[in-house]
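> Shown below is the structure under consideration.
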Amino acid sequence: MDLVKEEEVPMRLHSAVEYLLHSHSDQLRSITLSPDPKLHYPLFLDYAELMDVDPPLAHLVFANPTDYLRFFDQAAILAHKRVLKDMALHEKGVEKRFIHVRFNRHFQELGV
């Protein structure tokens, strides 16, 4: 998936961005405040939490992980850009191009 402007994103991607902003804002803020824009940053998610918040999206991730992990990487970049835009003037956030979502539970452990 190519990166697109947030106003052009499909509804599913928008819901993923909102989920990341709501549930993982501390990680996104930490990534934004990190000074090196060339590093690859992990964003750790809990699959069980995603199942509770957005079951249809969680099922899509489970059914097609290759595409939806890339999809979540794109959502992470869009969420990061929102965090960067909303930072206070005295904070020095740095735009990142490489944020990769990692689910911290194996699907098999969840009995899905």
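Labeling convention for the structure tokens: chains A, B, ... as they appear, residues from 1 per chain, ligands from 1 in order of appearance.
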If you run DSSP over the backbone, which residues in chain A end up strand (DSSP E or B)? Put them as a list in words.

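Of chain A, the ones in strand (DSSP E or B) are Tyr41, Pro42, Leu43, Phe44, Leu45, Ile99, His100, Val101, Arg102 and Phe103 of chain A.
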
> Could those residues be written to a file, using N, CA and C atoms, as a compact mmCIF listing (two decimals), in the first residue's frame?


```txt
# COMPACT_ATOMS: atom_id res chain seq x y z
N TYR A 41 11.12 1.98 13.91
CA TYR A 41 10.54 1.95 15.25
C TYR A 41 9.42 0.92 15.33
N PRO A 42 9.43 0.06 16.36
CA PRO A 42 8.33 -0.88 16.55
C PRO A 42 7.20 -0.22 17.34
N LEU A 43 5.99 -0.59 17.01
CA LEU A 43 4.81 -0.17 17.76
C LEU A 43 4.11 -1.45 18.18
N PHE A 44 4.14 -1.77 19.47
CA PHE A 44 3.64 -3.04 19.96
C PHE A 44 2.15 -2.97 20.29
N LEU A 45 1.39 -3.88 19.70
CA LEU A 45 -0.05 -3.98 19.93
C LEU A 45 -0.39 -5.34 20.52
N ILE A 99 7.76 3.07 10.87
CA ILE A 99 7.12 2.57 12.08
C ILE A 99 6.45 1.26 11.71
N HIS A 100 6.77 0.22 12.45
CA HIS A 100 6.26 -1.12 12.12
C HIS A 100 5.48 -1.69 13.30
N VAL A 101 4.26 -2.05 13.05
CA VAL A 101 3.39 -2.62 14.06
C VAL A 101 3.79 -4.07 14.31
N ARG A 102 3.84 -4.43 15.59
CA ARG A 102 4.16 -5.80 16.01
C ARG A 102 3.11 -6.22 17.02
N PHE A 103 2.45 -7.33 16.75
CA PHE A 103 1.50 -7.88 17.71
C PHE A 103 2.27 -8.72 18.72
```

> Identify, on the basis of only C-alpha atoms, every residue whose closest approach to Ser25 (chain A) does not exceed 9 Å; exclude the query and any residue fewer than 4 positions from it along the same chain; express the result as a PyMOL selection string.

chain A and resi 20-21+29-30+79-80+83

> Calculate how many Å separate CA of Leu13 (chain A) from CA of Leu78 (chain A), rounding to one decimal.

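A separation of 9.4 Å between them.
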
> Show me, as a ChimeraX atom specification, the residues that have an atom within 12 Å of Leu33 (chain A) when counting only C-alpha atoms, minus same-chain residues fewer than 3 positions from it.

/A:26-30,36-37,41,80-81,83-84,87-88,90-96

> Enumerate, as JSON, numbers by chain, the complete set of residues in chain A that a backbone-based DSSP assignment places in alpha helix (DSSP H).

{"A": [11, 12, 13, 14, 15, 16, 17, 18, 19, 20, 21, 22, 23, 25, 26, 27, 28, 29, 30, 31, 32, 33, 47, 48, 49, 50, 51, 52, 53, 55, 56, 57, 58, 59, 60, 61, 62, 63, 65, 66, 67, 68, 69, 70, 71, 72, 73, 74, 75, 76, 77, 78, 79, 80, 81, 82, 83, 84, 85, 86]}

> How many Å lie between CA of Phe98 (chain A) and CA of Lys85 (chain A), rounded to one decimal?

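The value is 17.2 Å.
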
> Go through A:Arg12, A:Arg97, A:His40, A:Arg82 one by one, measure the shortest atom-to-atom distance of each to Pro56 (chain A) using only C-alpha atoms, and give the residue with the smallest value.

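Of A:Arg12, A:Arg97, A:His40, A:Arg82, the one nearest Pro56 (chain A) is A:Arg12, counting only C-alpha atoms.
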
> Near Leu57 (chain A), counting only C-alpha atoms, which residues have an atom at most 9 Å away, once you skip same-chain residues fewer than 2 positions from it, shown as a list in words?

Arg12, Ser15, Ala16, Leu50, Met51, Asp54, Pro55, His59, Leu60, Val61, Phe62 and Tyr68 of chain A

> Work out how far apart CA of Gln74 (chain A) and CA of Asp86 (chain A) are and give it in Å to one decimal.

18.7 Å

> Pick out the closest residue to Ile31 (chain A) from this set: A:Val53, A:Ala58, A:Ala76, A:Ala63. Count only C-alpha atoms.

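Among the listed residues, the smallest separation from Ile31 (chain A) belongs to A:Ala76.
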
> For Asn104 (chain A), which residue out of A:Ser23, A:Asp46, A:Glu18, A:Ile77 is the nearest one, using only C-alpha atoms?

A:Asp46
